[in-house]
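Undergrad: To be precise about what I am sending: the file is called data-v2.csv and holds CSV, C-alpha atoms and all ligand atoms.
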```csv
chain,number,residue,atom,x,y,z
Q,14,MET,CA,201.9,81.2,124.5
Q,15,LEU,CA,200.5,84.3,122.7
Q,16,VAL,CA,199.1,83.7,119.2
Q,17,ILE,CA,197.9,86.6,117.1
Q,18,ARG,CA,195.7,85.4,114.2
Q,19,LYS,CA,192.5,86.1,112.3
Q,20,LEU,CA,189.3,84.5,113.6
Q,21,LEU,CA,187.1,82.3,111.4
Q,22,ALA,CA,183.3,82.7,111.3
Q,23,HIS,CA,182.8,79.5,113.3
Q,24,GLU,CA,184.7,81.2,116.2
Q,25,ARG,CA,182.0,83.7,116.9
Q,26,GLY,CA,181.4,81.9,120.3
Q,27,GLU,CA,185.0,82.7,121.3
Q,28,LEU,CA,184.3,86.3,120.4
Q,29,SER,CA,181.2,86.6,122.4
Q,30,ASP,CA,182.8,84.8,125.4
Q,31,HIS,CA,185.7,87.3,125.2
Q,32,LEU,CA,183.3,90.3,125.1
Q,33,LEU,CA,181.2,88.8,128.0
Q,34,ARG,CA,184.3,88.4,130.1
Q,35,MET,CA,185.0,92.2,129.8
Q,36,ASP,CA,183.8,94.2,132.8
Q,37,GLU,CA,180.9,96.5,132.4
Q,38,GLU,CA,183.0,99.7,132.2
Q,39,ASP,CA,185.2,98.3,129.5
Q,40,ARG,CA,182.2,97.1,127.5
Q,41,ARG,CA,180.7,100.6,127.8
Q,42,LEU,CA,184.0,102.1,126.5
Q,43,ARG,CA,183.9,99.6,123.6
Q,44,PHE,CA,180.3,100.1,122.5
Q,45,GLY,CA,179.8,103.7,123.7
Q,46,HIS,CA,177.0,102.7,126.1
Q,47,ALA,CA,176.0,99.9,128.5
Q,48,VAL,CA,175.4,96.5,126.7
Q,49,SER,CA,173.5,93.5,128.1
Q,50,PRO,CA,174.9,89.9,127.6
Q,51,GLU,CA,171.9,89.4,125.2
Q,52,ARG,CA,173.1,92.3,123.0
Q,53,ILE,CA,176.6,90.9,123.0
Q,54,LEU,CA,175.4,87.5,121.8
Q,55,ALA,CA,173.2,89.2,119.1
Q,56,TYR,CA,176.2,91.3,118.1
Q,57,ALA,CA,178.5,88.3,117.6
Q,58,THR,CA,175.7,86.5,115.6
Q,59,ALA,CA,175.1,89.4,113.3
Q,60,ILE,CA,178.7,89.9,112.2
Q,61,ARG,CA,178.9,90.1,108.4
Q,62,TRP,CA,182.0,88.0,108.0
Q,63,PRO,CA,182.7,88.7,104.3
Q,64,GLN,CA,183.1,92.4,105.1
Q,65,THR,CA,184.6,91.9,108.6
Q,66,TRP,CA,188.1,90.8,109.7
Q,67,ILE,CA,188.7,90.0,113.3
Q,68,VAL,CA,192.2,89.6,114.6
Q,69,GLY,CA,192.4,87.8,117.9
Q,70,ALA,CA,195.1,87.5,120.6
Q,71,PHE,CA,194.9,84.0,122.1
Q,72,VAL,CA,196.8,83.6,125.3
Q,73,ASP,CA,197.3,79.9,126.1
Q,74,GLY,CA,194.4,79.1,123.7
Q,75,VAL,CA,191.9,81.6,125.1
Q,76,LEU,CA,190.8,84.7,123.2
Q,77,ARG,CA,191.8,87.7,125.4
Q,78,GLY,CA,191.7,90.5,122.9
Q,79,VAL,CA,190.4,91.4,119.5
Q,80,ALA,CA,190.7,94.1,116.9
Q,81,GLU,CA,187.7,94.3,114.5
Q,82,LEU,CA,187.9,95.8,111.0
Q,83,ARG,CA,184.5,96.4,109.5
Q,84,GLY,CA,184.2,97.4,105.9
Q,85,GLY,CA,181.2,99.4,104.6
Q,86,LYS,CA,178.0,97.8,103.3
Q,87,ARG,CA,178.5,99.0,99.7
Q,88,PRO,CA,180.9,97.1,97.5
Q,89,GLY,CA,183.9,99.3,96.7
Q,90,ASP,CA,183.7,101.2,99.9
Q,91,ARG,CA,187.2,102.4,100.8
Q,92,THR,CA,186.5,103.3,104.4
Q,93,ALA,CA,186.5,100.8,107.3
Q,94,GLU,CA,185.8,101.0,111.0
Q,95,LEU,CA,188.2,99.7,113.6
Q,96,SER,CA,187.5,98.8,117.2
Q,97,VAL,CA,189.6,97.0,119.8
Q,98,THR,CA,189.1,95.3,123.2
Q,99,VAL,CA,191.5,93.6,125.6
Q,100,GLU,CA,190.4,91.9,128.8
Q,101,ARG,CA,191.3,93.8,132.0
Q,102,ALA,CA,193.9,91.2,133.3
Q,103,TYR,CA,195.8,91.4,129.9
Q,104,GLN,CA,195.8,95.2,129.5
Q,105,ASP,CA,198.9,97.4,129.5
Q,106,ASP,CA,201.0,94.7,127.9
Q,107,GLY,CA,201.0,96.0,124.3
Q,108,LEU,CA,198.2,93.7,123.1
Q,109,ALA,CA,195.9,96.3,121.7
Q,110,THR,CA,198.9,97.9,119.9
Q,111,ARG,CA,199.8,94.6,118.3
Q,112,LEU,CA,196.2,93.8,117.3
Q,113,LEU,CA,195.8,97.2,115.7
Q,114,GLU,CA,199.1,96.8,113.8
Q,115,THR,CA,197.8,93.5,112.3
Q,116,ALA,CA,194.3,95.0,111.6
Q,117,LEU,CA,196.0,97.9,109.8
Q,118,LEU,CA,198.0,95.5,107.6
Q,119,ILE,CA,194.9,93.6,106.7
Q,120,ALA,CA,193.1,96.9,105.9
Q,121,ARG,CA,195.9,98.0,103.7
Q,122,ASN,CA,196.0,94.7,101.8
Q,123,ARG,CA,192.2,94.9,101.3
Q,124,GLY,CA,192.5,98.3,99.6
Q,125,PHE,CA,191.0,100.4,102.4
Q,126,GLU,CA,192.2,104.0,102.2
Q,127,SER,CA,190.8,105.5,105.3
Q,128,LEU,CA,190.0,103.9,108.7
Q,129,PHE,CA,188.2,105.4,111.6
Q,130,LEU,CA,187.8,104.4,115.3
Q,131,LEU,CA,185.1,105.9,117.5
Q,132,CYS,CA,185.6,106.2,121.2
Q,133,LEU,CA,184.2,108.1,124.2
Q,134,PRO,CA,185.9,111.5,125.0
Q,135,GLU,CA,187.0,110.1,128.4
Q,136,ASN,CA,188.8,107.2,126.8
Q,137,VAL,CA,192.2,108.9,126.9
Q,138,LYS,CA,194.0,105.5,126.8
Q,139,MET,CA,192.4,104.6,123.4
Q,140,GLN,CA,193.2,108.1,122.1
Q,141,HIS,CA,196.8,107.7,123.2
Q,142,ILE,CA,197.1,104.3,121.4
Q,143,ALA,CA,195.4,105.6,118.3
Q,144,ARG,CA,197.9,108.5,118.1
Q,145,LYS,CA,200.6,106.0,117.3
Q,146,PHE,CA,198.9,105.3,114.0
Q,147,GLY,CA,197.2,108.5,113.0
Q,148,ASP,CA,196.8,112.0,114.4
Q,149,ARG,CA,193.4,113.2,113.0
Q,150,MET,CA,190.9,113.5,115.7
Q,151,SER,CA,187.5,115.1,115.6
Q,152,PHE,CA,184.3,115.2,117.7
Q,153,GLN,CA,181.2,113.6,116.3
Q,154,ASP,CA,177.8,113.3,118.1
Q,155,GLY,CA,179.6,113.2,121.5
Q,156,ASP,CA,182.2,110.6,120.4
Q,157,VAL,CA,185.8,111.2,119.4
Q,158,GLU,CA,186.6,110.0,115.9
Q,159,LEU,CA,190.2,109.0,115.2
Q,160,ARG,CA,191.1,108.8,111.5
Q,161,ILE,CA,194.0,106.7,110.2
Q,162,ARG,CA,195.1,106.9,106.6
Q,163,SER,CA,195.9,103.5,105.1
Q,164,PRO,CA,198.7,103.3,102.5
Q,165,GLN,CA,198.6,101.4,99.2
Q,166,PRO,CA,199.4,97.7,99.5
Q,167,ASP,CA,202.6,96.5,98.0
Q,168,ALA,CA,204.5,93.2,97.6
Q,169,LEU,CA,206.0,93.6,101.1
Q,170,SER,CA,202.7,94.2,102.8
Q,171,PHE,CA,201.2,91.1,101.1
Q,172,PHE,CA,204.2,89.1,102.2
Q,173,ALA,CA,204.0,90.4,105.8
Q,174,GLU,CA,200.4,89.3,106.1
Q,175,ALA,CA,201.0,85.9,104.5
Q,176,PHE,CA,204.1,85.4,106.8
Q,177,GLY,CA,202.0,86.4,109.9
Q,178,ASP,CA,199.3,83.9,108.9
Q,179,ALA,CA,201.9,81.1,108.4
Q,180,VAL,CA,203.5,81.8,111.8
Q,181,ALA,CA,200.1,81.8,113.5
Q,182,LEU,CA,199.2,78.5,111.8
Q,183,TRP,CA,202.5,77.0,113.0
Q,184,GLN,CA,202.0,78.3,116.5
Q,185,THR,CA,198.4,77.0,116.6
Q,186,ALA,CA,199.6,73.6,115.5
Q,187,LEU,CA,202.3,73.5,118.1
Q,188,THR,CA,199.9,74.4,120.9
Q,189,TRP,CA,196.9,72.3,119.6
Q,190,PRO,CA,195.7,70.4,122.7
Q,191,ALA,CA,195.3,66.6,122.7
Q,192,ALA,CA,191.8,67.2,124.2
Q,193,PRO,CA,189.7,70.2,123.4
Q,194,PRO,CA,190.1,72.9,126.1
Q,195,THR,CA,187.2,73.4,128.5
Q,196,ARG,CA,185.5,76.7,127.6
Q,197,GLU,CA,186.0,79.3,130.4
Q,198,LEU,CA,182.6,80.6,131.5
Q,199,PRO,CA,182.1,84.4,131.1
Q,200,GLN,CA,181.8,86.3,134.4
Q,201,ALA,CA,178.3,87.0,135.7
Q,202,THR,CA,177.2,90.6,135.1
Q,301,LIG,C1,191.8,100.5,125.1
Q,301,LIG,C2,192.3,99.1,125.3
Q,301,LIG,C3,191.9,98.2,124.0
Q,301,LIG,C4,193.8,99.1,125.4
Q,301,LIG,O1,194.4,97.8,125.5
Q,301,LIG,P1,195.9,97.5,126.0
Q,301,LIG,O2,196.2,96.2,125.6
Q,301,LIG,O3,195.9,97.8,127.5
Q,301,LIG,O4,196.7,98.6,125.2
Q,301,LIG,P2,198.3,98.6,125.0
Q,301,LIG,O5,198.9,97.9,126.1
Q,301,LIG,O6,198.6,98.2,123.6
Q,301,LIG,O7,198.6,100.2,125.1
Q,301,LIG,C5,198.4,100.9,126.3
Q,301,LIG,C6,199.0,102.3,126.1
Q,301,LIG,O8,198.1,103.2,126.8
Q,301,LIG,C7,198.9,103.9,127.8
Q,301,LIG,N1,198.0,104.2,128.9
Q,301,LIG,C8,197.6,103.4,129.9
Q,301,LIG,N2,196.7,104.0,130.6
Q,301,LIG,C9,196.6,105.3,130.1
Q,301,LIG,C10,195.8,106.4,130.5
Q,301,LIG,N3,195.0,106.4,131.5
Q,301,LIG,N4,195.9,107.5,129.7
Q,301,LIG,C11,196.7,107.6,128.6
Q,301,LIG,N5,197.5,106.5,128.2
Q,301,LIG,C12,197.4,105.4,129.0
Q,301,LIG,C13,200.0,102.9,128.1
Q,301,LIG,O9,201.1,103.6,128.7
Q,301,LIG,C14,200.4,102.4,126.8
Q,301,LIG,O10,201.1,103.3,126.0
Q,301,LIG,P3,202.5,103.0,125.4
Q,301,LIG,O11,202.3,101.9,124.4
Q,301,LIG,O12,202.9,104.3,124.6
Q,301,LIG,O13,203.4,102.7,126.5
Q,301,LIG,C15,191.7,98.4,126.6
Q,301,LIG,O14,192.0,99.2,127.7
Q,301,LIG,C16,190.3,98.1,126.5
Q,301,LIG,O15,189.9,97.0,126.0
Q,301,LIG,N6,189.4,99.0,126.9
Q,301,LIG,C17,188.0,98.9,126.8
Q,301,LIG,C18,187.5,98.9,125.3
Q,301,LIG,C19,187.8,100.2,124.6
Q,301,LIG,O16,187.9,101.2,125.2
Q,301,LIG,N7,188.0,100.1,123.3
Q,301,LIG,C20,188.3,101.3,122.5
Q,301,LIG,C21,187.1,101.8,121.8
Q,301,LIG,S1,186.8,100.8,120.3
```
Just give me the structure as structure tokens.
TA:
Amino acid sequence: MLVIRKLLAHERGELSDHLLRMDEEDRRLRFGHAVSPERILAYATAIRWPQTWIVGAFVDGVLRGVAELRGGKRPGDRTAELSVTVERAYQDDGLATRLLETALLIARNRGFESLFLLCLPENVKMQHIARKFGDRMSFQDGDVELRIRSPQPDALSFFAEAFGDAVALWQTALTWPAAPPTRELPQAT
């Protein structure tokens, strides 16, 4: 079963396991350069949860994809950064698109007005996906910056997020294992 839901701070281990299961090339595409397993662990530990929302795609209880929405350090910042990853075996099935849709809804309801996503120029797949949500693209220090304007929140957008949270809670309760799942070890790099 596929469950799309927000991650909680105590689930940083699931996030790092997911990033460690990504192959080297996909990790390079995500971070813009090669990243060691130690850097991944440090990255997951350093997440500023009050300013960060992470939407996860859990397939049969294992986190296989995430969209991260990171707000600025200054309170009142109206711009946020997006990033997205999906493990290779789960790609091309619409997961990144669904994760980004949910992250955009969260951004809208938190009052962000402008979102950006950085990717490498050769990442044409990401550019294709981002064009579904926005069409402003520029080059910045060797990266491609994709800009997405976020509309004002309204009653419907708040309802849509609350409804999504409730559905995810219900799905999680339905699939809650009698015994905790054994954690899948990340692939050796
Ligand atoms: C980019 C990434 C998140 C996409 O995940 P995904 O779940 O496969 O994406 P989706 O299935 O939602 O969408 C794939 C789309 O790209 C299209 N696509 C696939 N390969 C493509 C290519 N080589 N060039 C252009 N478009 C391509 C698919 O046709 C599909 O488009 P459609 O929805 O219009 O049919 C995933 O490949 C990944 O994790 N890459 C490594 C990390 C990364 O690059 N992150 C982006 C920078 S933050």
Undergrad: Name the closest residue to Phe125 (chain Q) among the candidates Q:Arg162, Q:Arg52, Q:His23, Q:Arg101; distances are taken between atoms, counting only C-alpha atoms.
TA: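 When distances to Phe125 (chain Q) are compared using only C-alpha atoms, the smallest one comes from Q:Arg162.
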Undergrad: I'd like the interatomic distance between CA of Leu20 (chain Q) and CA of Leu54 (chain Q), to a tenth of an Å.
TA: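 Between CA of Leu20 (chain Q) and CA of Leu54 (chain Q) the gap works out to 16.4 Å.
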Undergrad: Once 3 Å is added on each side, what are the centre and the three edge lengths, in Å to one decimal, of the axis-aligned box enclosing the listed atoms of ligand LIG 301 (chain Q)? Present them as lines of an AutoDock Vina configuration file.
TA:
```
center_x = 195.1
center_y = 101.9
center_z = 125.9
size_x = 22.6
size_y = 17.4
size_z = 17.2
```
Undergrad: Which protein, DNA or RNA residues have an atom at most 8 Å from (194.9, 112.9, 114.0), counting all atoms listed in the file? List them as a PyMOL selection string.
TA: chain Q and resi 144+147-151+159-161
Undergrad: Just want the residues within 10 Å of ligand LIG 301 (chain Q), written as a ChimeraX atom specification, counting only C-alpha atoms and all ligand atoms.
TA: /Q:32,35-45,77-81,94-114,129-133,135-145,157
Undergrad: Record the distance separating CA of Ala120 (chain Q) and CA of Arg91 (chain Q), expressed in Å with one decimal.
TA: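 Separation between CA of Ala120 (chain Q) and CA of Arg91 (chain Q): 9.5 Å.
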Undergrad: Mind pulling up the distance from CA of His46 (chain Q) to CA of Pro134 (chain Q)?
TA: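 Between CA of Pro134 (chain Q) and CA of His46 (chain Q) the gap is 12.6 Å.
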Undergrad: Out of Q:Val48, Q:Ala116, Q:Leu33, Q:Asp90, which residue has the shortest atom-to-atom distance to Gly69 (chain Q) when counting only C-alpha atoms?
TA: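 Between Q:Val48, Q:Ala116, Q:Leu33, Q:Asp90, the residue approaching Gly69 (chain Q) most closely is Q:Ala116.
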Undergrad: Around (199.7, 88.4, 107.2), as given in the file, which residues come within 12 Å? Count only C-alpha atoms and list them as a count of residues only.
TA: 30
Undergrad: I'd like to know which of Q:Gly74, Q:Arg34, Q:Thr65, Q:Glu51 is closest to Thr188 (chain Q), using only C-alpha atoms.
TA: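 Comparing Q:Gly74, Q:Arg34, Q:Thr65, Q:Glu51 against Thr188 (chain Q), the winner is Q:Gly74.
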Undergrad: Assuming the input is short of atoms at region 61-76 of chain Q, produce N, CA and C atoms for that part as an mmCIF file, in the coordinates of the input.
TA:
```cif
data_model
loop_
_atom_site.group_PDB
_atom_site.id
_atom_site.type_symbol
_atom_site.label_atom_id
_atom_site.label_comp_id
_atom_site.auth_asym_id
_atom_site.auth_seq_id
_atom_site.Cartn_x
_atom_site.Cartn_y
_atom_site.Cartn_z
ATOM 1 N N ARG Q 61 178.894 90.444 109.816
ATOM 2 C CA ARG Q 61 178.900 90.100 108.400
ATOM 3 C C ARG Q 61 180.342 89.737 108.013
ATOM 4 N N TRP Q 62 180.614 88.452 108.094
ATOM 5 C CA TRP Q 62 182.000 88.000 108.000
ATOM 6 C C TRP Q 62 182.660 88.345 106.637
ATOM 7 N N PRO Q 63 181.951 88.345 105.509
ATOM 8 C CA PRO Q 63 182.700 88.700 104.300
ATOM 9 C C PRO Q 63 183.232 90.112 104.282
ATOM 10 N N GLN Q 64 182.612 91.004 105.076
ATOM 11 C CA GLN Q 64 183.100 92.400 105.100
ATOM 12 C C GLN Q 64 183.803 92.698 106.454
ATOM 13 N N THR Q 65 184.043 91.669 107.269
ATOM 14 C CA THR Q 65 184.600 91.900 108.600
ATOM 15 C C THR Q 65 185.834 90.999 108.804
ATOM 16 N N TRP Q 66 186.890 91.595 109.329
ATOM 17 C CA TRP Q 66 188.100 90.800 109.700
ATOM 18 C C TRP Q 66 188.322 91.018 111.158
ATOM 19 N N ILE Q 67 188.452 89.920 111.888
ATOM 20 C CA ILE Q 67 188.700 90.000 113.300
ATOM 21 C C ILE Q 67 190.006 89.365 113.656
ATOM 22 N N VAL Q 68 190.877 90.164 114.249
ATOM 23 C CA VAL Q 68 192.200 89.600 114.600
ATOM 24 C C VAL Q 68 192.109 89.361 116.142
ATOM 25 N N GLY Q 69 192.513 88.165 116.533
ATOM 26 C CA GLY Q 69 192.400 87.800 117.900
ATOM 27 C C GLY Q 69 193.770 87.579 118.573
ATOM 28 N N ALA Q 70 193.849 87.869 119.863
ATOM 29 C CA ALA Q 70 195.100 87.500 120.600
ATOM 30 C C ALA Q 70 194.664 86.378 121.557
ATOM 31 N N PHE Q 71 195.194 85.206 121.255
ATOM 32 C CA PHE Q 71 194.900 84.000 122.100
ATOM 33 C C PHE Q 71 196.080 83.830 123.038
ATOM 34 N N VAL Q 72 195.769 83.831 124.325
ATOM 35 C CA VAL Q 72 196.800 83.600 125.300
ATOM 36 C C VAL Q 72 196.515 82.182 125.892
ATOM 37 N N ASP Q 73 197.466 81.291 125.695
ATOM 38 C CA ASP Q 73 197.300 79.900 126.100
ATOM 39 C C ASP Q 73 195.960 79.325 125.614
ATOM 40 N N GLY Q 74 195.626 79.651 124.375
ATOM 41 C CA GLY Q 74 194.400 79.100 123.700
ATOM 42 C C GLY Q 74 193.136 79.800 123.990
ATOM 43 N N VAL Q 75 193.153 80.830 124.839
ATOM 44 C CA VAL Q 75 191.900 81.600 125.100
ATOM 45 C C VAL Q 75 191.972 82.959 124.555
ATOM 46 N N LEU Q 76 190.882 83.359 123.891
ATOM 47 C CA LEU Q 76 190.800 84.700 123.200
ATOM 48 C C LEU Q 76 190.735 85.776 124.284
#
```
